>>> print(open('data_24.cif').read())   # mmCIF, C-alpha atoms
data_model
#
loop_
_atom_site.label_atom_id
_atom_site.label_comp_id
_atom_site.auth_asym_id
_atom_site.auth_seq_id
_atom_site.Cartn_x
_atom_site.Cartn_y
_atom_site.Cartn_z
CA MET A 1 -94.45 220.17 54.43
CA ARG A 2 -93.38 223.48 52.93
CA TRP A 3 -92.90 224.80 56.47
CA TRP A 4 -90.73 221.76 57.21
CA ALA A 5 -88.77 222.34 54.00
CA GLU A 6 -88.11 225.91 55.16
CA GLY A 7 -86.68 224.60 58.46
CA ARG A 8 -89.81 225.04 60.64
CA PRO A 9 -89.17 228.80 61.13
CA GLU A 10 -90.96 230.56 63.99
CA THR A 11 -92.99 232.87 61.78
CA SER A 12 -96.58 233.69 62.73
CA ALA A 13 -97.78 230.73 60.66
CA GLY A 14 -94.97 228.55 62.00
CA LEU A 15 -95.84 229.33 65.61
CA GLU A 16 -99.45 228.42 64.88
CA PHE A 17 -98.35 225.10 63.38
CA LYS A 18 -96.29 224.37 66.51
CA ARG A 19 -99.21 225.28 68.77
CA GLN A 20 -101.43 222.80 66.91
CA GLU A 21 -98.71 220.16 67.20
CA GLN A 22 -98.52 220.74 70.95
CA GLU A 23 -102.29 220.45 71.34
CA TYR A 24 -102.39 217.24 69.30
CA LEU A 25 -99.52 215.62 71.18
CA THR A 26 -100.84 216.69 74.59
CA ARG A 27 -104.35 215.45 73.81
CA TRP A 28 -103.11 211.99 72.89
CA ARG A 29 -100.83 211.85 75.93
CA GLU A 30 -103.82 212.57 78.17
CA ILE A 31 -105.96 209.99 76.35
CA VAL A 32 -103.29 207.33 76.82
CA HIS A 33 -102.95 208.07 80.54
CA ARG A 34 -106.71 208.13 81.07
CA VAL A 35 -107.37 204.86 79.27
CA VAL A 36 -104.41 203.01 80.82
CA TRP A 37 -105.26 204.18 84.33
CA ASP A 38 -108.94 203.30 83.82
CA TYR A 39 -107.93 199.80 82.78
CA CYS A 40 -105.69 199.42 85.84
CA ASP A 41 -108.52 200.59 88.12
CA ARG A 42 -111.03 198.16 86.60
CA VAL A 43 -108.76 195.15 87.11
CA HIS A 44 -107.67 196.22 90.60
CA ARG A 45 -108.28 192.72 91.89
CA THR A 46 -105.10 191.64 90.12
CA ASN A 47 -103.26 194.38 91.99
CA LEU A 48 -102.34 196.11 88.75
CA LYS A 49 -100.89 199.47 89.73
CA ARG A 50 -101.12 202.60 87.66
CA PRO A 51 -97.85 203.22 85.79
CA ASN A 52 -96.46 206.69 86.27
CA ARG A 53 -95.12 206.86 82.71
CA CYS A 54 -97.30 205.55 79.91
CA THR A 55 -96.30 207.38 76.77
CA THR A 56 -93.14 206.55 74.90
CA VAL A 57 -91.92 206.19 71.34
CA GLN A 58 -89.63 203.24 70.85
CA PRO A 59 -88.54 200.68 68.23
CA SER A 60 -90.98 197.82 67.77
CA GLY A 61 -88.86 195.39 65.78
CA THR A 62 -89.24 193.44 62.58
CA LYS A 63 -92.92 192.56 62.93
CA SER A 64 -93.91 196.22 63.15
CA LEU A 65 -91.93 196.96 59.99
CA LEU A 66 -93.65 194.12 58.13
CA THR A 67 -97.03 195.61 59.06
CA SER A 68 -95.96 199.18 58.25
CA ALA A 69 -96.21 200.21 61.90
CA SER A 70 -93.84 202.87 63.11
CA PRO A 71 -90.47 201.66 64.47
CA GLY A 72 -90.06 204.90 66.40
CA TRP A 73 -89.76 208.54 65.43
CA HIS A 74 -87.50 208.62 62.43
CA PRO A 75 -87.90 210.94 59.45
CA PRO A 76 -89.20 209.17 56.33
CA LYS A 77 -86.51 208.70 53.71
CA ALA A 78 -88.78 209.69 50.87
CA GLN A 79 -92.41 209.52 49.82
CA ARG A 80 -91.58 206.07 48.46
CA PHE A 81 -88.66 203.82 49.34
CA ILE A 82 -87.39 200.25 49.53
CA ARG A 83 -87.27 198.95 53.10
CA ARG A 84 -84.72 196.19 53.64
CA ILE A 85 -85.11 194.02 56.73
CA THR A 86 -82.41 191.58 57.83
CA PHE A 87 -83.13 187.92 58.61
CA ARG A 88 -81.09 184.81 59.13
CA LYS A 89 -80.96 182.68 56.01
CA TYR A 90 -84.07 180.45 55.75
CA ASP A 91 -85.78 182.30 58.60
CA PRO A 92 -89.49 181.31 58.49
CA VAL A 93 -90.64 184.95 58.27
CA ALA A 94 -88.30 185.52 55.31
CA LEU A 95 -89.55 182.33 53.62
CA ALA A 96 -93.11 183.52 54.08
CA CYS A 97 -92.11 186.88 52.60
CA ILE A 98 -90.79 185.08 49.51
CA ASP A 99 -94.11 183.29 49.04
CA TYR A 100 -95.88 186.62 49.55
CA GLY A 101 -93.92 188.06 46.64
CA TYR A 102 -91.22 190.13 48.29
CA ASN A 103 -87.71 190.03 46.83
CA VAL A 104 -84.83 188.58 48.88
CA ILE A 105 -81.13 189.32 48.39
CA PRO A 106 -77.94 188.55 50.37
CA SER A 107 -77.03 190.96 53.16
CA GLN A 108 -74.35 193.65 53.11
CA SER A 109 -71.93 191.34 54.93
CA ASP A 110 -72.13 188.47 52.41
CA LYS A 111 -69.29 188.78 49.88
CA ASP A 112 -67.24 186.56 47.61
CA GLU A 113 -63.49 185.93 47.85
CA ASN A 114 -62.83 189.20 45.98
CA GLY A 115 -64.93 191.29 48.33
CA HIS A 116 -67.86 191.71 45.93
CA LEU A 117 -71.42 191.52 47.24
CA LEU A 118 -73.21 188.24 46.56
CA ASN A 119 -76.37 188.38 44.45
CA ASP A 120 -77.83 184.89 44.92
CA PRO A 121 -79.57 184.50 48.31
CA PHE A 122 -79.24 180.72 48.02
CA ASP A 123 -75.47 180.85 47.49
CA PRO A 124 -73.81 178.60 50.13
CA ARG A 125 -71.63 181.56 51.13
CA CYS A 126 -74.68 183.65 52.00
CA SER A 127 -75.51 183.72 55.72
CA GLU A 128 -78.16 186.45 55.98
CA TRP A 129 -81.05 187.65 53.86
CA LEU A 130 -82.42 191.09 53.16
CA VAL A 131 -86.16 191.15 52.46
CA GLU A 132 -86.96 194.11 50.20
CA ILE A 133 -90.35 195.73 50.77
CA PRO A 134 -91.55 198.63 48.59
CA VAL A 135 -93.13 201.25 50.88
CA ALA A 136 -95.13 204.40 50.23
CA VAL A 137 -95.97 206.83 53.04
CA PRO A 138 -99.74 207.38 53.54
CA TRP A 139 -99.56 210.90 52.10
CA ALA A 140 -97.40 210.03 49.08
CA ASP A 141 -100.22 210.63 46.58
CA LEU A 142 -101.48 213.92 48.02
CA PRO A 143 -101.40 216.74 45.47
CA GLY A 144 -98.04 218.48 45.58
CA ALA A 145 -96.36 215.88 47.81
CA ASP A 146 -93.86 214.92 45.11
CA GLU A 147 -92.81 218.55 44.74
CA ILE A 148 -91.02 218.51 48.11
CA ASP A 149 -87.81 216.54 48.67
CA ILE A 150 -88.16 215.44 52.28
CA SER A 151 -84.57 214.16 52.29
CA LYS A 152 -83.61 217.84 52.37
CA PHE A 153 -85.34 218.49 55.69
CA SER A 154 -82.66 220.04 57.89
CA ALA A 155 -81.27 218.43 61.01
CA ILE A 156 -82.42 221.47 63.01
CA ALA A 157 -86.00 220.99 61.77
CA GLN A 158 -85.88 217.33 62.80
CA MET A 159 -84.47 218.29 66.22
CA ASP A 160 -87.24 220.84 66.65
CA PHE A 161 -89.93 218.23 66.06
CA TYR A 162 -88.15 215.70 68.29
CA MET A 163 -88.30 218.24 71.13
CA GLN A 164 -92.02 218.75 70.51
CA VAL A 165 -92.64 215.00 70.85
CA GLN A 166 -90.39 214.71 73.89
CA LYS A 167 -91.96 217.65 75.73
CA TYR A 168 -95.64 217.28 74.86
CA TYR A 169 -96.26 213.56 74.33
CA VAL A 170 -93.55 211.40 75.86
CA ARG A 171 -93.25 210.80 79.58
CA HIS A 172 -90.44 208.32 79.14
CA ASN A 173 -88.11 208.54 76.15
CA THR A 174 -88.33 209.04 72.41
CA SER A 175 -86.45 206.71 70.13
CA ALA A 176 -85.54 209.23 67.46
CA THR A 177 -83.09 209.43 64.61
CA ILE A 178 -81.86 212.78 63.36
CA GLU A 179 -80.25 212.59 59.94
CA LEU A 180 -77.61 215.16 59.08
CA ARG A 181 -75.06 216.13 56.52
CA GLU A 182 -71.49 217.08 57.37
CA ASN A 183 -72.13 220.82 57.15
CA GLU A 184 -74.89 220.50 59.79
CA VAL A 185 -72.78 218.87 62.50
CA GLU A 186 -71.72 222.05 64.29
CA THR A 187 -75.16 223.68 64.17
CA LEU A 188 -76.92 220.59 65.47
CA GLY A 189 -74.27 220.04 68.14
CA THR A 190 -74.81 223.59 69.39
CA ARG A 191 -78.58 223.08 69.49
CA ILE A 192 -78.27 219.83 71.47
CA TYR A 193 -75.88 221.53 73.90
CA GLU A 194 -78.39 224.37 74.40
CA ALA A 195 -81.23 221.90 75.01
CA ILE A 196 -79.18 220.16 77.71
CA ARG A 197 -77.88 223.40 79.22
CA ASP A 198 -81.34 224.96 79.44
CA ASP A 199 -82.97 221.76 80.73
CA GLU A 200 -85.51 221.65 77.89
CA GLY A 201 -86.25 217.95 78.40
CA TYR A 202 -83.80 216.53 75.88
CA ILE A 203 -82.79 212.94 76.70
CA SER A 204 -81.16 211.36 73.69
CA ALA A 205 -81.36 210.99 69.93
CA ALA A 206 -79.55 208.80 67.44
CA LEU A 207 -77.56 210.62 64.76
CA LEU A 208 -77.27 209.19 61.25
CA ALA A 209 -75.13 210.59 58.46
CA ARG A 210 -76.89 211.40 55.22
CA PHE A 211 -75.23 210.63 51.91
CA ASP A 212 -76.64 212.05 48.69
CA ASP A 213 -74.78 209.37 46.71
CA LEU A 214 -76.71 206.17 47.48
CA GLN A 215 -73.94 204.08 45.93
CA THR A 216 -71.66 204.94 48.85
CA PHE A 217 -73.27 202.20 50.94
CA PRO A 218 -75.28 199.74 48.82
CA ARG A 219 -78.18 197.76 50.28
CA LEU A 220 -78.89 200.15 53.13
CA PRO A 221 -82.06 199.61 55.23
CA PHE A 222 -83.78 202.43 53.27
CA GLU A 223 -83.41 203.35 49.60
CA PRO A 224 -85.52 206.22 48.16
CA ILE A 225 -87.30 205.49 44.87
CA ASP A 226 -89.65 207.43 42.61
CA ARG A 227 -93.29 206.74 41.80
CA HIS A 228 -92.49 204.76 38.63
CA GLN A 229 -90.01 202.51 40.44
CA TYR A 230 -92.47 201.95 43.29
CA GLU A 231 -95.30 200.98 40.95
CA GLN A 232 -93.01 198.62 39.00
CA LEU A 233 -91.75 196.96 42.19
CA MET A 234 -95.30 196.49 43.49
CA GLN A 235 -96.27 194.94 40.17
CA ASP A 236 -93.32 192.56 40.48
CA VAL A 237 -94.45 191.64 44.00
CA GLU A 238 -97.93 190.77 42.70
CA THR A 239 -96.43 188.71 39.86
CA ARG A 240 -94.27 186.65 42.26
CA ARG A 241 -96.97 186.27 44.93
CA ARG A 242 -97.99 182.66 45.54
CA THR A 243 -100.30 183.30 48.49
CA HIS A 244 -102.47 186.05 49.97
CA ASP A 245 -102.55 184.50 53.43
CA PHE A 246 -99.27 185.56 55.04
CA HIS A 247 -100.19 184.14 58.47
CA ALA A 248 -101.01 180.68 57.13
CA THR A 249 -97.80 180.65 55.11
CA LEU A 250 -95.75 181.71 58.12
CA SER A 251 -97.38 179.02 60.27
CA ARG A 252 -96.38 176.41 57.72
CA TYR A 253 -92.72 177.43 57.87
CA ASP A 254 -92.44 178.31 61.54
CA SER A 255 -91.68 175.28 63.68
CA GLY A 256 -90.57 177.43 66.60
CA ASP A 257 -86.91 176.56 66.12
CA PHE A 258 -85.87 179.81 64.44
CA MET A 259 -85.08 183.19 65.95
CA GLU A 260 -85.35 186.46 64.07
CA ALA A 261 -81.97 187.81 63.06
CA GLY A 262 -83.12 191.21 64.27
CA PRO A 263 -81.96 194.63 63.13
CA ALA A 264 -78.78 195.37 61.27
CA GLY A 265 -76.83 198.51 60.66
CA CYS A 266 -79.11 201.50 60.96
CA ASP A 267 -82.23 199.49 61.90
CA SER A 268 -81.26 200.15 65.49
CA ASP A 269 -80.45 203.16 67.63
CA LYS A 270 -77.05 201.47 68.13
CA CYS A 271 -74.72 201.05 65.17
CA LEU A 272 -74.45 197.32 64.54
CA PHE A 273 -71.92 197.40 61.73
CA SER A 274 -68.85 195.37 62.62
CA GLU A 275 -66.01 197.44 63.98
CA SER A 276 -62.89 197.36 61.84
CA LYS A 277 -60.20 195.23 63.36
CA SER A 278 -56.60 196.36 63.56
CA VAL A 279 -54.11 194.20 61.72
#
>>> encode(input="data_24.cif", output="structure tokens")
Amino acid sequence: MRWWAEGRPETSAGLEFKRQEQEYLTRWREIVHRVVWDYCDRVHRTNLKRPNRCTTVQPSGTKSLLTSASPGWHPPKAQRFIRRITFRKYDPVALACIDYGYNVIPSQSDKDENGHLLNDPFDPRCSEWLVEIPVAVPWADLPGADEIDISKFSAIAQMDFYMQVQKYYVRHNTSATIELRENEVETLGTRIYEAIRDDEGYISAALLARFDDLQTFPRLPFEPIDRHQYEQLMQDVETRRRTHDFHATLSRYDSGDFMEAGPAGCDSDKCLFSESKSV
């Protein structure tokens, strides 16, 4: 993490870190191909052909986020953060989340006649819900982890790791988000140009602006929090929880008539915020 904080420089130690990354990524790519091809060969009677590209990193949708699975390669916002997932109002998954103890608020698009954000999710003017889930990365409690502000990881460092994944693991495409500040635009643009010019294997990456003032855009999909806030939010979840069987609760609400609202805003590799209309 300190190497990341320094920008992943190609020092002797840094080159060794990158070599280990390459070995790890290549090993798992080979394991995936071997296992998938073995499966195809064993069920040859169904005429299941070997795919020529098995490894990819791509978004997995709302269900993966609810189970803390990765939605793609995107840098963590912090060691601990609030994850907000968008649902249609009264969506069965959102209702199950309420029973499970998670907080629900109106979405960024639900406002009153004065343009102020609504606060009551059951307000008749509210059309979408945001389910708030406190999240801690698996290494959040490692000694020294809180000493490093991962939101300061440079865009160039993120690009460097993206290229590692793209070259040594992926044989298709990597869904990746590179977060950058305004003063990094030119440097990152030059690096992307070089990767394309030199045919390094770059395909595409989503770019997301970073804002140090979180009040600029309230209720974003990710909001960094500290350890105390995380522990308090988790305690609140336990206090509100009315069931420990999420699947049974979901089955009770889900009649099959609802569709997930899907991603919003920066949940996707495509910006889904409404375009401003000319008057």
>>> atom_distance(input="data_24.cif", atom1="CA of Glu128 (chain A)", atom2="CA of Gly115 (chain A)")
16.0 Å
>>> closest_atom_pairs(input="data_24.cif", of="region 138-204 of chain A", to="region 226-246 of chain A", cutoff="10 Å", atoms="only C-alpha atoms", output="JSON lines")
{"residue": "A:Ala140", "atom": "CA", "partner": "A:Arg227", "partner_atom": "CA", "distance": 9.0}
{"residue": "A:Asp141", "atom": "CA", "partner": "A:Arg227", "partner_atom": "CA", "distance": 9.3}
{"residue": "A:Asp146", "atom": "CA", "partner": "A:Arg227", "partner_atom": "CA", "distance": 8.8}
>>> write_last_selection(input="data_24.cif", atoms="C-alpha atoms", output="short mmCIF file (atom, residue, chain, number, x, y, z; two decimals), in the frame of the given file")
data_model
loop_
_atom_site.label_atom_id
_atom_site.label_comp_id
_atom_site.auth_asym_id
_atom_site.auth_seq_id
_atom_site.Cartn_x
_atom_site.Cartn_y
_atom_site.Cartn_z
CA ALA A 140 -97.40 210.03 49.08
CA ASP A 141 -100.22 210.63 46.58
CA ASP A 146 -93.86 214.92 45.11
#
>>> axis_aligned_box(input="data_24.cif", around="region 217-229 of chain A", padding_each_side="5 Å", output="JSON")
{"center_x": -83.3, "center_y": 202.6, "center_z": 46.9, "size_x": 30.0, "size_y": 19.7, "size_z": 26.6}
>>> atom_distance(input="data_24.cif", atom1="CA of Asn52 (chain A)", atom2="CA of Thr26 (chain A)")
16.0 Å
>>> atom_distance(input="data_24.cif", atom1="CA of Val57 (chain A)", atom2="CA of Ile148 (chain A)")
26.3 Å
>>> closest_residue(input="data_24.cif", among="A:Ala13, A:Ile105, A:Ala5, A:Cys97", to="Cys126 (chain A)", atoms="all atoms listed in the file")
A:Ile105
>>> residues_around(input="data_24.cif", residues="Phe211 (chain A)", least_positions_apart="3", cutoff="12 Å", atoms="all atoms listed in the file", output="PDB file with C-alpha atoms, in the coordinates of the input")
ATOM      1  CA  LYS A  77     -86.510 208.700  53.710  1.00  0.00           C
ATOM      2  CA  SER A 151     -84.570 214.160  52.290  1.00  0.00           C
ATOM      3  CA  LYS A 152     -83.610 217.840  52.370  1.00  0.00           C
ATOM      4  CA  GLU A 179     -80.250 212.590  59.940  1.00  0.00           C
ATOM      5  CA  LEU A 180     -77.610 215.160  59.080  1.00  0.00           C
ATOM      6  CA  ARG A 181     -75.060 216.130  56.520  1.00  0.00           C
ATOM      7  CA  GLU A 182     -71.490 217.080  57.370  1.00  0.00           C
ATOM      8  CA  ASN A 183     -72.130 220.820  57.150  1.00  0.00           C
ATOM      9  CA  LEU A 208     -77.270 209.190  61.250  1.00  0.00           C
ATOM     10  CA  LEU A 214     -76.710 206.170  47.480  1.00  0.00           C
ATOM     11  CA  GLN A 215     -73.940 204.080  45.930  1.00  0.00           C
ATOM     12  CA  THR A 216     -71.660 204.940  48.850  1.00  0.00           C
ATOM     13  CA  PHE A 217     -73.270 202.200  50.940  1.00  0.00           C
ATOM     14  CA  PRO A 218     -75.280 199.740  48.820  1.00  0.00           C
ATOM     15  CA  LEU A 220     -78.890 200.150  53.130  1.00  0.00           C
ATOM     16  CA  PHE A 222     -83.780 202.430  53.270  1.00  0.00           C
ATOM     17  CA  GLU A 223     -83.410 203.350  49.600  1.00  0.00           C
ATOM     18  CA  PRO A 224     -85.520 206.220  48.160  1.00  0.00           C
TER      19      PRO A 224
END
>>> closest_residue(input="data_24.cif", among="A:Leu142, A:Val104, A:Met163, A:Ile85", to="Ala176 (chain A)", atoms="all atoms listed in the file")
A:Met163
>>> resolve_selection(input="data_24.cif", expression="the PyMOL selection byres ((chain A and resi 250) around 8)", output="list in words")
Pro92, Val93, Leu95, Ala96, Phe246, His247, Ala248, Thr249, Ser251, Arg252, Tyr253 and Asp254 of chain A
>>> closest_residue(input="data_24.cif", among="A:Thr86, A:Ser12, A:Gln79, A:Thr56", to="Ala136 (chain A)", atoms="only C-alpha atoms")
A:Gln79
>>> closest_residue(input="data_24.cif", among="A:Asp91, A:Asp110, A:Glu147, A:Asp198", to="Val131 (chain A)", atoms="all atoms listed in the file")
A:Asp91
>>> closest_residue(input="data_24.cif", among="A:Phe161, A:Tyr168, A:Trp139, A:Tyr193", to="Glu23 (chain A)", atoms="all atoms listed in the file")
A:Tyr168
>>> resolve_selection(input="data_24.cif", expression="the PyMOL selection byres ((chain A and resi 111) around 12)", output="number ranges by chain")
A: 105-110, 112-121, 123-128
>>> decode(input="data_24.cif", residues="region 196-233 of chain A", atoms="N, CA and C atoms", output="PDB file, in the first residue's frame")
ATOM      1  N   ILE A 196      -1.947   3.336 -26.253  1.00  0.00           N
ATOM      2  CA  ILE A 196      -2.577   3.040 -27.549  1.00  0.00           C
ATOM      3  C   ILE A 196      -1.529   3.077 -28.665  1.00  0.00           C
ATOM      4  N   ARG A 197      -0.686   4.102 -28.640  1.00  0.00           N
ATOM      5  CA  ARG A 197       0.332   4.260 -29.689  1.00  0.00           C
ATOM      6  C   ARG A 197       1.291   3.075 -29.726  1.00  0.00           C
ATOM      7  N   ASP A 198       1.691   2.595 -28.553  1.00  0.00           N
ATOM      8  CA  ASP A 198       2.677   1.523 -28.477  1.00  0.00           C
ATOM      9  C   ASP A 198       2.053   0.136 -28.444  1.00  0.00           C
ATOM     10  N   ASP A 199       0.723   0.075 -28.651  1.00  0.00           N
ATOM     11  CA  ASP A 199       0.012  -1.205 -28.714  1.00  0.00           C
ATOM     12  C   ASP A 199       0.298  -2.064 -27.487  1.00  0.00           C
ATOM     13  N   GLU A 200       0.098  -1.483 -26.303  1.00  0.00           N
ATOM     14  CA  GLU A 200       0.375  -2.187 -25.051  1.00  0.00           C
ATOM     15  C   GLU A 200      -0.771  -3.092 -24.609  1.00  0.00           C
ATOM     16  N   GLY A 201      -1.887  -3.078 -25.333  1.00  0.00           N
ATOM     17  CA  GLY A 201      -3.018  -3.911 -24.946  1.00  0.00           C
ATOM     18  C   GLY A 201      -4.155  -3.146 -24.316  1.00  0.00           C
ATOM     19  N   TYR A 202      -4.011  -1.824 -24.243  1.00  0.00           N
ATOM     20  CA  TYR A 202      -5.083  -1.005 -23.665  1.00  0.00           C
ATOM     21  C   TYR A 202      -6.344  -1.110 -24.540  1.00  0.00           C
ATOM     22  N   ILE A 203      -7.504  -1.297 -23.889  1.00  0.00           N
ATOM     23  CA  ILE A 203      -8.776  -1.327 -24.606  1.00  0.00           C
ATOM     24  C   ILE A 203      -9.637  -0.137 -24.205  1.00  0.00           C
ATOM     25  N   SER A 204     -10.008  -0.076 -22.951  1.00  0.00           N
ATOM     26  CA  SER A 204     -10.831   1.046 -22.509  1.00  0.00           C
ATOM     27  C   SER A 204     -10.850   1.093 -20.989  1.00  0.00           C
ATOM     28  N   ALA A 205     -11.135   2.259 -20.465  1.00  0.00           N
ATOM     29  CA  ALA A 205     -11.308   2.434 -19.028  1.00  0.00           C
ATOM     30  C   ALA A 205     -12.253   3.605 -18.803  1.00  0.00           C
ATOM     31  N   ALA A 206     -13.087   3.486 -17.799  1.00  0.00           N
ATOM     32  CA  ALA A 206     -13.972   4.590 -17.438  1.00  0.00           C
ATOM     33  C   ALA A 206     -13.185   5.591 -16.596  1.00  0.00           C
ATOM     34  N   LEU A 207     -13.458   6.866 -16.774  1.00  0.00           N
ATOM     35  CA  LEU A 207     -12.798   7.921 -16.020  1.00  0.00           C
ATOM     36  C   LEU A 207     -13.829   8.607 -15.136  1.00  0.00           C
ATOM     37  N   LEU A 208     -13.488   8.776 -13.874  1.00  0.00           N
ATOM     38  CA  LEU A 208     -14.417   9.377 -12.911  1.00  0.00           C
ATOM     39  C   LEU A 208     -13.696  10.483 -12.148  1.00  0.00           C
ATOM     40  N   ALA A 209     -14.290  11.661 -12.143  1.00  0.00           N
ATOM     41  CA  ALA A 209     -13.689  12.788 -11.428  1.00  0.00           C
ATOM     42  C   ALA A 209     -13.749  12.562  -9.926  1.00  0.00           C
ATOM     43  N   ARG A 210     -12.682  12.948  -9.261  1.00  0.00           N
ATOM     44  CA  ARG A 210     -12.632  12.867  -7.809  1.00  0.00           C
ATOM     45  C   ARG A 210     -12.836  14.253  -7.221  1.00  0.00           C
ATOM     46  N   PHE A 211     -13.670  14.318  -6.186  1.00  0.00           N
ATOM     47  CA  PHE A 211     -13.921  15.579  -5.505  1.00  0.00           C
ATOM     48  C   PHE A 211     -13.616  15.390  -4.027  1.00  0.00           C
ATOM     49  N   ASP A 212     -12.715  16.218  -3.507  1.00  0.00           N
ATOM     50  CA  ASP A 212     -12.358  16.100  -2.098  1.00  0.00           C
ATOM     51  C   ASP A 212     -13.479  16.599  -1.194  1.00  0.00           C
ATOM     52  N   ASP A 213     -14.328  17.483  -1.720  1.00  0.00           N
ATOM     53  CA  ASP A 213     -15.484  17.959  -0.958  1.00  0.00           C
ATOM     54  C   ASP A 213     -16.674  17.067  -1.278  1.00  0.00           C
ATOM     55  N   LEU A 214     -17.019  16.167  -0.348  1.00  0.00           N
ATOM     56  CA  LEU A 214     -18.098  15.208  -0.601  1.00  0.00           C
ATOM     57  C   LEU A 214     -19.460  15.870  -0.682  1.00  0.00           C
ATOM     58  N   GLN A 215     -19.564  17.125  -0.219  1.00  0.00           N
ATOM     59  CA  GLN A 215     -20.855  17.804  -0.282  1.00  0.00           C
ATOM     60  C   GLN A 215     -21.174  18.306  -1.684  1.00  0.00           C
ATOM     61  N   THR A 216     -20.194  18.232  -2.591  1.00  0.00           N
ATOM     62  CA  THR A 216     -20.427  18.703  -3.956  1.00  0.00           C
ATOM     63  C   THR A 216     -21.568  17.934  -4.607  1.00  0.00           C
ATOM     64  N   PHE A 217     -21.560  16.610  -4.398  1.00  0.00           N
ATOM     65  CA  PHE A 217     -22.614  15.754  -4.945  1.00  0.00           C
ATOM     66  C   PHE A 217     -23.093  14.824  -3.831  1.00  0.00           C
ATOM     67  N   PRO A 218     -24.144  15.205  -3.104  1.00  0.00           N
ATOM     68  CA  PRO A 218     -24.621  14.364  -2.007  1.00  0.00           C
ATOM     69  C   PRO A 218     -25.233  13.064  -2.514  1.00  0.00           C
ATOM     70  N   ARG A 219     -25.189  12.055  -1.659  1.00  0.00           N
ATOM     71  CA  ARG A 219     -25.794  10.751  -1.926  1.00  0.00           C
ATOM     72  C   ARG A 219     -25.179  10.046  -3.133  1.00  0.00           C
ATOM     73  N   LEU A 220     -23.872  10.155  -3.270  1.00  0.00           N
ATOM     74  CA  LEU A 220     -23.175   9.431  -4.327  1.00  0.00           C
ATOM     75  C   LEU A 220     -23.162   7.943  -4.025  1.00  0.00           C
ATOM     76  N   PRO A 221     -22.871   7.101  -5.020  1.00  0.00           N
ATOM     77  CA  PRO A 221     -22.849   5.642  -4.793  1.00  0.00           C
ATOM     78  C   PRO A 221     -21.866   5.206  -3.706  1.00  0.00           C
ATOM     79  N   PHE A 222     -20.781   5.982  -3.498  1.00  0.00           N
ATOM     80  CA  PHE A 222     -19.799   5.653  -2.467  1.00  0.00           C
ATOM     81  C   PHE A 222     -19.547   6.895  -1.612  1.00  0.00           C
ATOM     82  N   GLU A 223     -19.498   6.709  -0.292  1.00  0.00           N
ATOM     83  CA  GLU A 223     -19.151   7.802   0.607  1.00  0.00           C
ATOM     84  C   GLU A 223     -18.177   7.293   1.669  1.00  0.00           C
ATOM     85  N   PRO A 224     -16.923   7.727   1.637  1.00  0.00           N
ATOM     86  CA  PRO A 224     -15.935   7.266   2.632  1.00  0.00           C
ATOM     87  C   PRO A 224     -16.354   7.646   4.052  1.00  0.00           C
ATOM     88  N   ILE A 225     -16.102   6.754   4.997  1.00  0.00           N
ATOM     89  CA  ILE A 225     -16.378   7.001   6.409  1.00  0.00           C
ATOM     90  C   ILE A 225     -15.213   6.470   7.224  1.00  0.00           C
ATOM     91  N   ASP A 226     -15.116   6.892   8.492  1.00  0.00           N
ATOM     92  CA  ASP A 226     -14.033   6.406   9.338  1.00  0.00           C
ATOM     93  C   ASP A 226     -14.499   5.200  10.147  1.00  0.00           C
ATOM     94  N   ARG A 227     -13.574   4.648  10.932  1.00  0.00           N
ATOM     95  CA  ARG A 227     -13.882   3.438  11.703  1.00  0.00           C
ATOM     96  C   ARG A 227     -15.054   3.659  12.655  1.00  0.00           C
ATOM     97  N   HIS A 228     -15.065   4.800  13.357  1.00  0.00           N
ATOM     98  CA  HIS A 228     -16.132   5.064  14.323  1.00  0.00           C
ATOM     99  C   HIS A 228     -17.487   5.122  13.627  1.00  0.00           C
ATOM    100  N   GLN A 229     -17.558   5.821  12.500  1.00  0.00           N
ATOM    101  CA  GLN A 229     -18.826   5.903  11.758  1.00  0.00           C
ATOM    102  C   GLN A 229     -19.269   4.523  11.291  1.00  0.00           C
ATOM    103  N   TYR A 230     -18.313   3.722  10.796  1.00  0.00           N
ATOM    104  CA  TYR A 230     -18.655   2.383  10.315  1.00  0.00           C
ATOM    105  C   TYR A 230     -19.236   1.532  11.444  1.00  0.00           C
ATOM    106  N   GLU A 231     -18.571   1.551  12.587  1.00  0.00           N
ATOM    107  CA  GLU A 231     -19.038   0.727  13.712  1.00  0.00           C
ATOM    108  C   GLU A 231     -20.410   1.186  14.196  1.00  0.00           C
ATOM    109  N   GLN A 232     -20.650   2.509  14.202  1.00  0.00           N
ATOM    110  CA  GLN A 232     -21.952   3.025  14.611  1.00  0.00           C
ATOM    111  C   GLN A 232     -23.042   2.617  13.619  1.00  0.00           C
ATOM    112  N   LEU A 233     -22.742   2.709  12.320  1.00  0.00           N
ATOM    113  CA  LEU A 233     -23.723   2.330  11.307  1.00  0.00           C
ATOM    114  C   LEU A 233     -24.044   0.847  11.373  1.00  0.00           C
TER     115      LEU A 233
END
